[in-house]
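*Asks:* start04.txt is reproduced below (compact mmCIF, C-alpha atoms and all ligand atoms).
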# COMPACT_ATOMS: atom_id res chain seq x y z
CA MET Z 1 4.34 18.32 6.17
CA GLU Z 2 7.26 19.34 3.93
CA MET Z 3 8.36 16.32 1.80
CA LYS Z 4 11.95 17.42 1.27
CA GLY Z 5 14.36 14.98 2.96
CA LYS Z 6 11.58 12.90 4.50
CA VAL Z 7 12.30 9.15 4.64
CA ILE Z 8 9.37 7.16 3.30
CA ILE Z 9 9.20 3.35 3.03
CA ILE Z 10 6.90 1.97 0.33
CA THR Z 11 6.02 -1.72 0.15
CA GLY Z 12 4.93 -3.17 -3.19
CA ALA Z 13 7.00 -0.47 -4.91
CA SER Z 14 7.85 -2.63 -7.94
CA SER Z 15 4.65 -1.86 -9.85
CA GLY Z 16 1.31 -0.07 -10.03
CA ILE Z 17 0.33 2.21 -7.16
CA GLY Z 18 3.54 1.67 -5.17
CA LYS Z 19 5.76 2.56 -8.11
CA ALA Z 20 3.74 5.68 -9.01
CA THR Z 21 3.84 6.76 -5.36
CA ALA Z 22 7.61 6.33 -5.18
CA LEU Z 23 8.04 8.45 -8.30
CA LYS Z 24 5.67 11.14 -7.02
CA LEU Z 25 7.17 11.42 -3.54
CA SER Z 26 10.75 11.39 -4.78
CA LYS Z 27 9.88 14.22 -7.18
CA LYS Z 28 8.63 16.12 -4.14
CA GLY Z 29 12.01 15.63 -2.46
CA ALA Z 30 11.44 12.58 -0.25
CA LYS Z 31 14.04 9.82 0.18
CA VAL Z 32 12.11 6.74 -0.85
CA VAL Z 33 12.81 3.21 0.32
CA LEU Z 34 11.62 0.85 -2.40
CA SER Z 35 10.60 -2.59 -1.19
CA SER Z 36 9.03 -5.72 -2.65
CA ARG Z 37 10.24 -9.16 -3.77
CA ARG Z 38 11.35 -8.35 -7.36
CA LYS Z 39 14.87 -6.96 -7.38
CA ASP Z 40 15.16 -6.06 -11.08
CA GLU Z 41 12.01 -3.91 -11.08
CA LEU Z 42 13.08 -2.09 -7.92
CA GLU Z 43 16.62 -1.46 -9.20
CA ALA Z 44 15.21 -0.08 -12.48
CA LEU Z 45 12.91 2.23 -10.52
CA LYS Z 46 15.80 3.38 -8.31
CA LYS Z 47 17.77 4.21 -11.46
CA SER Z 48 14.96 6.28 -12.96
CA ILE Z 49 14.50 8.14 -9.66
CA GLU Z 50 18.22 8.89 -9.46
CA LYS Z 51 18.20 10.09 -13.06
CA GLU Z 52 15.77 12.79 -11.92
CA THR Z 53 18.21 13.59 -9.05
CA GLY Z 54 15.99 11.87 -6.48
CA GLU Z 55 17.24 9.55 -3.74
CA ALA Z 56 16.17 5.92 -3.34
CA LEU Z 57 17.19 2.79 -1.46
CA VAL Z 58 16.19 -0.73 -2.52
CA VAL Z 59 15.46 -3.33 0.16
CA ILE Z 60 14.10 -6.69 -0.97
CA ALA Z 61 11.48 -7.91 1.50
CA ASP Z 62 8.49 -10.21 1.56
CA VAL Z 63 5.80 -8.55 3.69
CA THR Z 64 4.58 -11.93 4.95
CA LYS Z 65 7.93 -12.50 6.69
CA LYS Z 66 8.35 -10.47 9.86
CA PRO Z 67 12.18 -10.74 9.85
CA ASP Z 68 12.17 -9.27 6.31
CA MET Z 69 10.15 -6.29 7.51
CA ASP Z 70 12.41 -5.81 10.53
CA ARG Z 71 15.38 -5.86 8.16
CA LEU Z 72 13.65 -3.34 5.89
CA VAL Z 73 13.39 -0.86 8.74
CA ALA Z 74 16.92 -1.64 10.01
CA LYS Z 75 18.39 -1.00 6.53
CA THR Z 76 16.43 2.26 6.29
CA LEU Z 77 17.76 3.43 9.67
CA GLU Z 78 21.28 2.41 8.66
CA ALA Z 79 21.07 4.44 5.43
CA TYR Z 80 19.03 7.45 6.48
CA GLY Z 81 18.97 7.44 10.31
CA THR Z 82 15.18 7.66 10.67
CA VAL Z 83 11.78 6.78 9.20
CA ASP Z 84 9.11 9.42 8.65
CA ALA Z 85 6.42 7.35 6.94
CA LEU Z 86 5.52 3.81 5.98
CA ILE Z 87 3.17 3.09 3.10
CA ASN Z 88 1.77 -0.43 3.45
CA ASN Z 89 0.81 -0.92 -0.17
CA ALA Z 90 1.77 -4.52 -1.08
CA GLY Z 91 -1.31 -6.58 -1.81
CA LEU Z 92 -2.89 -9.14 -4.08
CA MET Z 93 -6.36 -9.96 -5.31
CA PRO Z 94 -6.81 -13.53 -6.59
CA LEU Z 95 -10.62 -13.26 -6.71
CA SER Z 96 -12.63 -16.48 -6.69
CA PHE Z 97 -16.06 -17.72 -5.71
CA VAL Z 98 -16.01 -19.20 -2.22
CA GLU Z 99 -17.48 -22.55 -3.34
CA LYS Z 100 -14.32 -23.16 -5.40
CA LEU Z 101 -12.45 -23.51 -2.09
CA LYS Z 102 -9.24 -22.00 -3.37
CA THR Z 103 -7.98 -22.04 0.19
CA ASN Z 104 -4.32 -21.46 -0.76
CA GLU Z 105 -5.33 -18.19 -2.38
CA TRP Z 106 -7.42 -17.21 0.65
CA GLU Z 107 -4.41 -17.77 2.87
CA LYS Z 108 -2.14 -15.78 0.56
CA MET Z 109 -4.54 -12.83 0.70
CA VAL Z 110 -4.72 -12.99 4.49
CA ASP Z 111 -0.92 -13.29 4.69
CA VAL Z 112 -0.07 -10.44 2.32
CA ASN Z 113 -3.03 -8.06 2.66
CA ILE Z 114 -3.53 -8.32 6.43
CA LYS Z 115 -0.46 -9.88 8.06
CA GLY Z 116 1.83 -7.93 5.73
CA VAL Z 117 0.36 -4.69 7.07
CA LEU Z 118 0.71 -5.91 10.66
CA ASN Z 119 4.35 -6.89 10.03
CA GLY Z 120 5.10 -3.47 8.56
CA VAL Z 121 3.51 -1.66 11.47
CA ALA Z 122 5.29 -3.84 14.03
CA ALA Z 123 8.64 -3.19 12.37
CA VAL Z 124 8.32 0.58 12.16
CA LEU Z 125 6.44 1.43 15.32
CA PRO Z 126 9.34 1.47 17.83
CA THR Z 127 11.05 4.14 15.71
CA LEU Z 128 7.91 6.25 15.28
CA ILE Z 129 7.07 6.02 18.99
CA LYS Z 130 10.62 7.01 19.90
CA ASN Z 131 10.39 9.97 17.49
CA LYS Z 132 6.87 10.86 18.66
CA SER Z 133 6.01 11.47 15.02
CA GLY Z 134 5.45 9.67 11.76
CA HIS Z 135 2.75 8.61 9.35
CA ILE Z 136 1.43 5.15 8.52
CA ILE Z 137 -0.58 4.90 5.32
CA ASN Z 138 -2.38 1.66 4.62
CA ILE Z 139 -3.79 0.85 1.18
CA SER Z 140 -7.21 -0.60 1.81
CA SER Z 141 -9.86 -0.51 -0.94
CA THR Z 142 -13.44 0.44 -1.72
CA ALA Z 143 -13.79 -3.34 -1.20
CA ALA Z 144 -13.75 -2.51 2.52
CA TYR Z 145 -17.21 -0.97 2.04
CA SER Z 146 -18.91 -3.29 -0.43
CA TYR Z 147 -18.74 -6.85 -1.72
CA PHE Z 148 -18.25 -7.58 -5.41
CA PRO Z 149 -18.46 -11.01 -7.12
CA GLY Z 150 -15.61 -13.29 -6.13
CA GLY Z 151 -14.39 -10.81 -3.57
CA ALA Z 152 -15.59 -12.39 -0.31
CA VAL Z 153 -12.08 -12.98 1.07
CA TYR Z 154 -10.43 -9.99 -0.63
CA CYS Z 155 -13.12 -7.60 0.65
CA ALA Z 156 -12.73 -9.10 4.13
CA THR Z 157 -8.97 -8.46 4.07
CA LYS Z 158 -9.45 -4.85 2.99
CA ALA Z 159 -12.17 -4.28 5.62
CA ALA Z 160 -9.65 -5.59 8.17
CA VAL Z 161 -7.03 -3.12 6.95
CA LYS Z 162 -9.49 -0.22 7.19
CA MET Z 163 -10.56 -1.11 10.73
CA PHE Z 164 -6.98 -1.80 11.84
CA SER Z 165 -6.05 1.65 10.53
CA GLU Z 166 -8.77 3.26 12.64
CA GLY Z 167 -7.62 1.35 15.74
CA LEU Z 168 -4.03 2.39 15.08
CA ARG Z 169 -5.06 6.01 14.66
CA GLN Z 170 -7.00 6.11 17.91
CA GLU Z 171 -4.14 4.47 19.84
CA LEU Z 172 -1.26 6.35 18.25
CA ALA Z 173 -2.30 9.75 16.96
CA PRO Z 174 -3.42 11.51 20.16
CA THR Z 175 -0.65 9.94 22.30
CA TYR Z 176 2.37 9.95 20.00
CA GLY Z 177 1.49 12.31 17.18
CA ILE Z 178 1.69 9.40 14.74
CA ARG Z 179 -0.78 9.97 11.93
CA VAL Z 180 -2.65 7.10 10.27
CA THR Z 181 -4.46 7.10 6.94
CA SER Z 182 -6.46 4.45 5.11
CA ILE Z 183 -6.60 4.89 1.33
CA GLU Z 184 -9.58 3.18 -0.30
CA PRO Z 185 -9.38 3.18 -4.10
CA GLY Z 186 -11.91 1.85 -6.57
CA VAL Z 187 -10.70 0.30 -9.81
CA VAL Z 188 -7.15 1.34 -10.70
CA ALA Z 189 -5.46 0.26 -13.95
CA THR Z 190 -2.63 -1.97 -12.64
CA ASN Z 191 -1.53 -5.62 -12.80
CA LEU Z 192 -3.65 -6.51 -9.78
CA LEU Z 193 -5.93 -8.84 -11.76
CA ASP Z 194 -2.98 -11.01 -12.87
CA THR Z 195 -3.23 -13.39 -9.90
CA ILE Z 196 -6.83 -14.44 -10.65
CA THR Z 197 -7.09 -18.14 -11.49
CA ASP Z 198 -10.88 -18.64 -11.26
CA GLU Z 199 -12.05 -18.61 -14.89
CA ASP Z 200 -15.63 -17.76 -13.91
CA ILE Z 201 -14.31 -14.50 -12.44
CA LEU Z 202 -12.31 -13.66 -15.53
CA GLY Z 203 -15.56 -13.84 -17.55
CA ASN Z 204 -17.23 -11.44 -15.09
CA LEU Z 205 -14.54 -8.81 -15.26
CA SER Z 206 -15.31 -7.53 -18.75
CA GLU Z 207 -17.98 -5.06 -17.47
CA MET Z 208 -15.50 -3.63 -15.01
CA GLN Z 209 -12.83 -3.37 -17.67
CA LYS Z 210 -15.08 -1.24 -19.89
CA MET Z 211 -14.98 1.70 -17.51
CA THR Z 212 -12.28 4.34 -17.45
CA ALA Z 213 -10.31 3.25 -14.41
CA LEU Z 214 -8.22 5.42 -12.13
CA GLU Z 215 -4.50 5.63 -12.88
CA SER Z 216 -1.88 4.71 -10.27
CA GLU Z 217 -0.83 8.37 -10.31
CA ASP Z 218 -4.30 9.34 -9.03
CA ILE Z 219 -3.69 7.24 -5.92
CA ALA Z 220 -0.15 8.58 -5.57
CA GLU Z 221 -1.70 12.06 -5.54
CA ALA Z 222 -4.14 11.02 -2.77
CA ILE Z 223 -1.25 9.61 -0.72
CA TYR Z 224 0.71 12.83 -1.22
CA TYR Z 225 -2.34 14.84 -0.13
CA ALA Z 226 -2.54 12.89 3.14
CA LEU Z 227 1.21 13.18 3.78
CA LYS Z 228 1.63 16.86 3.05
CA GLN Z 229 -0.98 18.13 5.53
CA PRO Z 230 0.20 20.18 8.49
CA LEU Z 231 0.94 18.04 11.55
CA ARG Z 232 -2.37 19.06 13.18
CA VAL Z 233 -4.31 17.37 10.36
CA ASN Z 234 -4.92 13.61 10.22
CA VAL Z 235 -6.57 12.52 6.98
CA ASN Z 236 -8.34 9.38 8.24
CA ASP Z 237 -9.72 7.97 4.99
CA VAL Z 238 -9.46 8.73 1.32
CA HIS Z 239 -12.23 6.86 -0.53
CA ILE Z 240 -11.52 7.51 -4.19
CA LEU Z 241 -13.42 6.00 -7.15
CA PRO Z 242 -13.43 6.30 -10.93
CA THR Z 243 -16.23 8.67 -11.93
CA GLU Z 244 -17.83 5.82 -13.88
CA GLN Z 245 -17.74 3.28 -11.01
CA LYS Z 246 -21.00 2.52 -9.14
P1 LIG O 301 0.20 -4.48 -8.50
O1 LIG O 301 -0.07 -5.92 -8.74
O2 LIG O 301 0.69 -3.63 -9.60
O3 LIG O 301 1.18 -4.31 -7.27
C1 LIG O 301 1.20 -5.17 -6.16
C2 LIG O 301 2.51 -4.99 -5.45
O4 LIG O 301 2.53 -5.82 -4.27
C3 LIG O 301 3.71 -5.40 -6.30
O5 LIG O 301 4.67 -4.38 -6.22
C4 LIG O 301 4.22 -6.66 -5.63
O6 LIG O 301 5.65 -6.70 -5.71
C5 LIG O 301 3.78 -6.45 -4.19
N1 LIG O 301 3.68 -7.69 -3.44
C6 LIG O 301 2.84 -8.73 -3.63
N2 LIG O 301 3.08 -9.71 -2.75
C7 LIG O 301 4.10 -9.27 -1.97
C8 LIG O 301 4.81 -9.82 -0.88
N3 LIG O 301 4.52 -11.03 -0.39
N4 LIG O 301 5.79 -9.09 -0.30
C9 LIG O 301 6.11 -7.86 -0.78
N5 LIG O 301 5.47 -7.29 -1.81
C10 LIG O 301 4.49 -7.99 -2.39
O7 LIG O 301 -1.20 -3.92 -7.95
P2 LIG O 301 -1.68 -2.51 -7.35
O8 LIG O 301 -0.65 -1.47 -7.53
O9 LIG O 301 -3.03 -2.30 -7.88
O10 LIG O 301 -1.82 -2.89 -5.80
C11 LIG O 301 -1.29 -2.11 -4.74
C12 LIG O 301 -2.31 -2.10 -3.60
O11 LIG O 301 -3.48 -1.39 -3.98
C13 LIG O 301 -2.77 -3.48 -3.16
O12 LIG O 301 -2.82 -3.53 -1.74
C14 LIG O 301 -4.19 -3.56 -3.71
O13 LIG O 301 -5.00 -4.44 -3.00
C15 LIG O 301 -4.62 -2.12 -3.58
N6 LIG O 301 -5.76 -1.72 -4.41
C16 LIG O 301 -5.69 -1.83 -5.77
C17 LIG O 301 -6.78 -1.50 -6.54
C18 LIG O 301 -6.79 -1.68 -8.02
O14 LIG O 301 -7.88 -1.60 -8.64
N7 LIG O 301 -5.65 -1.89 -8.66
C19 LIG O 301 -8.03 -0.97 -5.93
C20 LIG O 301 -7.97 -0.87 -4.50
C21 LIG O 301 -6.87 -1.22 -3.77
P3 LIG O 301 6.56 -8.00 -5.93
O15 LIG O 301 5.83 -8.93 -6.83
O16 LIG O 301 7.81 -7.42 -6.53
O17 LIG O 301 6.80 -8.54 -4.56
Please rewrite the model in this file as structure tokens.

*Replies:*
Amino acid sequence: MEMKGKVIIITGASSGIGKATALKLSKKGAKVVLSSRRKDELEALKKSIEKETGEALVVIADVTKKPDMDRLVAKTLEAYGTVDALINNAGLMPLSFVEKLKTNEWEKMVDVNIKGVLNGVAAVLPTLIKNKSGHIINISSTAAYSYFPGGAVYCATKAAVKMFSEGLRQELAPTYGIRVTSIEPGVVATNLLDTITDEDILGNLSEMQKMTALESEDIAEAIYYALKQPLRVNVNDVHILPTEQK
């Protein structure tokens, strides 16, 4: 699919993978809708995109709030008249061992990583069904395939995203021509570890931090690969790991 003029909504665009993806797709000619909760970061990103003669719209939205996601799509339609793709990227990973019973953090992960994706899909689907085209890209993780210490809940949320993506694809692709992709990265150098409060996990992370991680741009490239395929091609999964990761 040609990127030029395509309208692409990106959640979690204020940092890491979402930000790199916005920069990549805007360079390829897409109109990018930048969404997350932090206004200053999104406005700064919009400015740098516009400096490169790209086009961007900022819509503040919390993915856990369905009315926010409905507003995100409404604002996109108001500005650009359509939506061609939604990248459900917002997520968090406050790892902890289950016995610590950090139940607030479990709930946050379920709310953002799973319900956030559902809210995004619910908001955008009427438009994509009406258009009989579109692309939903969900950022899952290699955590959907294998457990790692402290990741019981996080891995469960990412497994849910992967399976939801497959269900979406089977229901939507053959009937409406709506393509669905699950991206499953290994370790990427971002701020994702910042929400960890379990000190026993922080001690465990040093091994992981020794390896050469993927860069956010590597995942942006994988997202671009899935998007740019001809309409007959649905890239179901992209499972992408650092060379050094087991
Ligand atoms: P970052 O912490 O850099 O980015 C997370 C993004 O999510 C931020 O832009 C943040 O924006 C947004 N976000 C968090 N909560 C909400 C919310 N309630 N509503 C809207 N936006 C929210 O991490 P990454 O770039 O690494 O993470 C992006 C995705 O990639 C996540 O889904 C993560 O699980 C996944 N992933 C990351 C890997 C890694 O190793 N880094 C590996 C595999 C998958 P704001 O605070 O402005 O709202």

*Asks:* Quick one: residues within 7 Å of ligand LIG 301 (chain O), with only C-alpha atoms and all ligand atoms, as JSON, numbers by chain?

*Replies:* {"Z": [11, 12, 13, 14, 15, 16, 17, 18, 35, 36, 37, 38, 61, 62, 63, 64, 89, 90, 91, 92, 93, 112, 113, 139, 140, 141, 142, 184, 185, 186, 187, 188, 189, 190, 191, 192, 216]}

*Asks:* Place a sphere of radius 10 Å on (15.3, 10.3, -8.9) in the file coordinates and name every protein, DNA or RNA residue with an atom inside or on its surface, counting only C-alpha atoms; give the answer as a list in words.

*Replies:*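 In the file's frame, the residues around the point are Ala22, Leu23, Lys24, Leu25, Ser26, Lys27, Gly29, Ala30, Lys31, Val32, Leu45, Lys46, Lys47, Ser48, Ile49, Glu50, Lys51, Glu52, Thr53, Gly54, Glu55 and Ala56 of chain Z.
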
*Asks:* Restricted to C-alpha atoms, what would the selected residues look like written as a PDB file, keeping the file's coordinate frame?

*Replies:*
ATOM      1  CA  ALA Z  22       7.610   6.330  -5.180  1.00  0.00           C
ATOM      2  CA  LEU Z  23       8.040   8.450  -8.300  1.00  0.00           C
ATOM      3  CA  LYS Z  24       5.670  11.140  -7.020  1.00  0.00           C
ATOM      4  CA  LEU Z  25       7.170  11.420  -3.540  1.00  0.00           C
ATOM      5  CA  SER Z  26      10.750  11.390  -4.780  1.00  0.00           C
ATOM      6  CA  LYS Z  27       9.880  14.220  -7.180  1.00  0.00           C
ATOM      7  CA  GLY Z  29      12.010  15.630  -2.460  1.00  0.00           C
ATOM      8  CA  ALA Z  30      11.440  12.580  -0.250  1.00  0.00           C
ATOM      9  CA  LYS Z  31      14.040   9.820   0.180  1.00  0.00           C
ATOM     10  CA  VAL Z  32      12.110   6.740  -0.850  1.00  0.00           C
ATOM     11  CA  LEU Z  45      12.910   2.230 -10.520  1.00  0.00           C
ATOM     12  CA  LYS Z  46      15.800   3.380  -8.310  1.00  0.00           C
ATOM     13  CA  LYS Z  47      17.770   4.210 -11.460  1.00  0.00           C
ATOM     14  CA  SER Z  48      14.960   6.280 -12.960  1.00  0.00           C
ATOM     15  CA  ILE Z  49      14.500   8.140  -9.660  1.00  0.00           C
ATOM     16  CA  GLU Z  50      18.220   8.890  -9.460  1.00  0.00           C
ATOM     17  CA  LYS Z  51      18.200  10.090 -13.060  1.00  0.00           C
ATOM     18  CA  GLU Z  52      15.770  12.790 -11.920  1.00  0.00           C
ATOM     19  CA  THR Z  53      18.210  13.590  -9.050  1.00  0.00           C
ATOM     20  CA  GLY Z  54      15.990  11.870  -6.480  1.00  0.00           C
ATOM     21  CA  GLU Z  55      17.240   9.550  -3.740  1.00  0.00           C
ATOM     22  CA  ALA Z  56      16.170   5.920  -3.340  1.00  0.00           C
TER      23      ALA Z  56
END

*Asks:* Report the closest atom pair, with its distance in Å rounded to one decimal, for each residue of stretch 111-208 of chain Z that has an atom no farther than 9 Å from stretch 97-106 of chain Z; count only C-alpha atoms, sort by chain and then rising residue number, and write it as CSV.

*Replies:*
residue,atom,partner,partner_atom,distance
Z:Asp111,CA,Z:Trp106,CA,8.6
Z:Pro149,CA,Z:Phe97,CA,7.3
Z:Gly150,CA,Z:Phe97,CA,4.5
Z:Gly151,CA,Z:Phe97,CA,7.4
Z:Ala152,CA,Z:Val98,CA,7.1
Z:Val153,CA,Z:Trp106,CA,6.3
Z:Tyr154,CA,Z:Trp106,CA,7.9
Z:Asp198,CA,Z:Phe97,CA,7.6
Z:Asp200,CA,Z:Phe97,CA,8.2
Z:Ile201,CA,Z:Phe97,CA,7.7

*Asks:* Could you check which of Z:Leu241, Z:Ile219, Z:Ala20, Z:Ile196 is closest to Z:Ala143, using all atoms listed in the file?

*Replies:*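 Selected residue with least distance to Z:Ala143: Z:Leu241.
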
*Asks:* Counting only C-alpha atoms, which of Z:Arg232, Z:Asp237, Z:Ala213, Z:Glu207 gets nearest to Z:Ala144?

*Replies:* Z:Asp237

*Asks:* Considering only C-alpha atoms, state which residue in the set Z:Leu34, Z:Leu227, Z:Val83, Z:Val73 is at the smallest distance from Z:Lys130.

*Replies:*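 Of Z:Leu34, Z:Leu227, Z:Val83, Z:Val73, the one nearest Z:Lys130 is Z:Val83, counting only C-alpha atoms.
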